[in-house]
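Trainee: This is the structure, below, for whatever I ask next.
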Amino acid sequence: MATVHLRIGDLVWGKLGRYPPWPGKVVSPPKDLKKPRGKKCHFVKFFGTEDHAWIKVEQLKPYHPHKEEMIKINKGKRFQQAVDAVEDFLKKKEKQGGKEQPVQDDPHFHHFLLSQTEKVRGKDTRSTSIQAADSTAINGSITPTDKRIGFLGLGLMGSGIVSNLLKMGHVVTVWNRTVEKCDLFIQEGARLGRTPAEVVSMCDITFSCVSDPKAARDLVLGPSGVLQGIRPGKCYVEMSTVDPGTITELSQVISSRGGRFLEAPVAGSQQVSNEGMLVILAAGDRTVYEDCSSCFQAMGKTSFFLGEVGNAARMMLILNMVQGSFMATIAEGLTLAQATGQSQHTFLDILSQGQMASTFVDQKCQNILQGNFKPDYYLKHIQKDLRLAISMGDTANHPTPMAAAANEVYKRAKALDQSDNDMSAVYRAYIH
């Protein structure tokens with residue numbers, strides 16, 4: 001962003017680190033908050049959040065000249081709520097004759113910050129508790145826990161998570177079955193653990209994120225595994241997408257050694273993980289969930305606490321069942337368009353203007369049209385999730401015919417050597 005000349009009261013787009021530009025207002029900083037030395041910056045309060053930060057001048061743009069540009073590149077609900085708050089604020093100021101007040105005396109500015117923050121947080125007084133990590137994540141004002149963090153598994157999702165934990169100042173010890181994958185994170189400041197047991201013994205909270213139920217069990221129960229490092233008070237957080245039975249088993253064995261257990265599978269993809277915008281579904285020990293607060297803020301935009309162990313696994317499988325089935329349907333639609341002489345590009349253009357428009361649809365369709373199946377979420381993993389969801393349905397005596405049909409398409413794609421490609425490669429099951 002180019003350097004601009006700004007003054008107190010100006011509306012701006014502010015960007016900090018990896019986070020997208022966000023609407024805010026240049027304000028006078030609190031008297032006890034000193035300006036960073038040697039940096040040309042302005043103090044900005046952000047709309048739709050309770051957050052504020054010193055932002056370098058080169059990371060700021062005036063609000064009005066760049067409004068259309070920013071709206072085009074940012075489509076999220078939270079973002080739109082923040083823009084709406086700015087527009088409402090401007091209308092109020094216009095009615096008052098446009099007279100500017102210092103931020104400390106400007107009740108309308110504070111009113112909109114608070115009202116929009118309440119909307120973003122989506123407060124819920126029912127049994128499900130929602131932790132709104134998104135507001136803090138927007139401007140990176142995260143105070144990292146002083147607890148020592150361990151992380152096991154540096155795959156597509158784990159790599160992005162660890163990178164964001166480190167960026168936000170957490171002390172992290174890593175382990176991966178292929179040790180070479182640890183090198184980049186060691187360069188970024190992580191410590192290396194030789195075995196899962198060693199990582200757990202060195203850390204207060206250890207996260208794991210691996211491919212499937214067998215890998216999750218082996219990591220805990222295998223030689224030099226997690227269980228050998230568990231001592232009373234140690235926390236173990238299972239982030240892998242597995243079945244409720246596996247989660248229950250792991251919770252029991254960890255608890256039998258005096259450990260504290262939380263399941264916390266994540267909804268997202270490699271790109272979403274890299275951006276620190278995952279949705280975290282947690283269940284189990286509520287105190288562990290609270291201890292993980294700064295970690296969840298670093299890796300995700302929102303976290304949900306869903307109660308007893310197993311609930312997060314169930315919810316995650318349902319979500320991935322829907323996503324996998326939807327992806328197969330999109331692929332089916334694209335191939336049917338081609339088979340009936342319709343333009344696939346026009347199909348996507350129409351789809352993107354309707355009620356099903358989303359970043360997911362756009363990205364996956366573009367992947368297909370470009371023949372780019374670089375994995376963002378492995379096809380083999382979404383098929384695994386469909387299989388586990390169908391099994392869960394069987395256990396509950398609930399039919400899942402749509403998921404069963406989609407599962408067969410993914411199985412055919414796997415037979416065509418698409419396992420290690422992105423889930424959008426299910427398209428190839430329809431053309432071979």
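Following the order of the structure tokens, chains are lettered A, B, ..., residues in each are numbered from 1, and ligands are numbered from 1.
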As a ChimeraX atom specification, please: every residue in region 153-392 of chain A that a backbone DSSP assignment puts in alpha helix (DSSP H).
Mentor: /A:156-167,183-187,196-202,213-221,226-229,244-256,270-274,286-291,293-299,311-339,344-352,359-370,379-392
Trainee: Which neighbours of Ile368 (chain A) fall inside 8 Å, counting only C-alpha atoms, when residues of the same chain fewer than 5 positions from it are skipped, and could you give them as number ranges by chain?
Mentor: A: 373, 424-425, 427
Trainee: Can those selected residues be exported to a file as a PDB file, in the first residue's frame so that it contains N, CA and C atoms?
Mentor:
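For reference, part_4.pdb as written:
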ATOM      1  N   PHE A 373      -5.255 -29.470  -9.911  1.00  0.00           N
ATOM      2  CA  PHE A 373      -5.760 -30.246  -8.783  1.00  0.00           C
ATOM      3  C   PHE A 373      -4.729 -30.355  -7.657  1.00  0.00           C
ATOM      4  N   SER A 424     -11.427 -31.596  -5.523  1.00  0.00           N
ATOM      5  CA  SER A 424     -12.082 -31.219  -6.778  1.00  0.00           C
ATOM      6  C   SER A 424     -11.742 -32.177  -7.918  1.00  0.00           C
ATOM      7  N   ALA A 425     -10.710 -33.008  -7.728  1.00  0.00           N
ATOM      8  CA  ALA A 425     -10.360 -34.008  -8.735  1.00  0.00           C
ATOM      9  C   ALA A 425     -11.407 -35.105  -8.839  1.00  0.00           C
ATOM     10  N   TYR A 427     -13.993 -34.649 -10.112  1.00  0.00           N
ATOM     11  CA  TYR A 427     -14.453 -34.358 -11.487  1.00  0.00           C
ATOM     12  C   TYR A 427     -13.993 -35.447 -12.452  1.00  0.00           C
TER      13      TYR A 427
END
Trainee: Show which residues sit within 7 Å of region 313-323 of chain A, as a list in words. Count only C-alpha atoms, and ignore same-chain residues fewer than 2 positions away.
Mentor: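 Once the nearby chain positions are removed, what remains is Thr241, Val242, Asp243, Pro244, Pro265, Gly310, Asn311, Ser325, Phe326, Met327, Ile382, Asp385, Leu386, Ala389 and Ala403 of chain A.
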Trainee: Residues at most 8 Å from Val162 (chain A), counting only C-alpha atoms, excluding those fewer than 4 positions away in the same chain, as number ranges by chain?
Mentor: A: 151, 154, 158, 166, 172, 185
Trainee: Could those selected residues go to a file with N, CA and C atoms, as a PDB file, in the first residue's frame?
Mentor:
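Resulting contents of out-v8.pdb:
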ATOM      1  N   PHE A 151       3.362 -29.540  18.982  1.00  0.00           N
ATOM      2  CA  PHE A 151       2.513 -29.827  17.826  1.00  0.00           C
ATOM      3  C   PHE A 151       3.056 -31.035  17.080  1.00  0.00           C
ATOM      4  N   LEU A 154       2.780 -32.256  10.620  1.00  0.00           N
ATOM      5  CA  LEU A 154       2.977 -31.050   9.824  1.00  0.00           C
ATOM      6  C   LEU A 154       2.525 -31.257   8.385  1.00  0.00           C
ATOM      7  N   GLY A 158      -1.638 -28.886   9.466  1.00  0.00           N
ATOM      8  CA  GLY A 158      -0.742 -28.649  10.589  1.00  0.00           C
ATOM      9  C   GLY A 158       0.324 -27.612  10.305  1.00  0.00           C
ATOM     10  N   LEU A 166       3.565 -19.641  15.660  1.00  0.00           N
ATOM     11  CA  LEU A 166       4.876 -19.006  15.793  1.00  0.00           C
ATOM     12  C   LEU A 166       4.809 -17.512  15.511  1.00  0.00           C
ATOM     13  N   VAL A 172       6.775 -23.044  20.548  1.00  0.00           N
ATOM     14  CA  VAL A 172       6.259 -24.280  19.970  1.00  0.00           C
ATOM     15  C   VAL A 172       7.373 -25.303  19.750  1.00  0.00           C
ATOM     16  N   PHE A 185      10.215 -24.871  10.153  1.00  0.00           N
ATOM     17  CA  PHE A 185       9.668 -24.314  11.391  1.00  0.00           C
ATOM     18  C   PHE A 185      10.758 -24.102  12.443  1.00  0.00           C
TER      19      PHE A 185
END
Trainee: With distances taken over only C-alpha atoms, which of A:Met402, A:Ile230, A:Ala415, A:Val57 is nearest to Glu198 (chain A)?
Mentor: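 Nearest to Glu198 (chain A): A:Ile230.
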Trainee: For a quick check of understanding, using only C-alpha atoms, which of A:Asn372, A:Ser358, A:Gln418, A:Gln270 has the smallest distance to Asn74 (chain A)?
Mentor: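 Smallest separation from Asn74 (chain A) among the options: A:Ser358.
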Trainee: Among region 205-369 of chain A, which residues carry a DSSP assignment of strand (DSSP E), reported as a list in words?
Mentor: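 Those in region 205-369 of chain A that DSSP calls strand (DSSP E) are Ile205, Thr206, Phe207, Ser208, Cys235, Tyr236, Val237, Glu238, Arg260, Phe261, Leu262, Glu263, Val266, Ala267, Leu278, Val279, Ile280, Leu281, Ala282, Ala283, Gly284, Gly300, Lys301, Thr302, Ser303, Phe304 and Phe305 of chain A.
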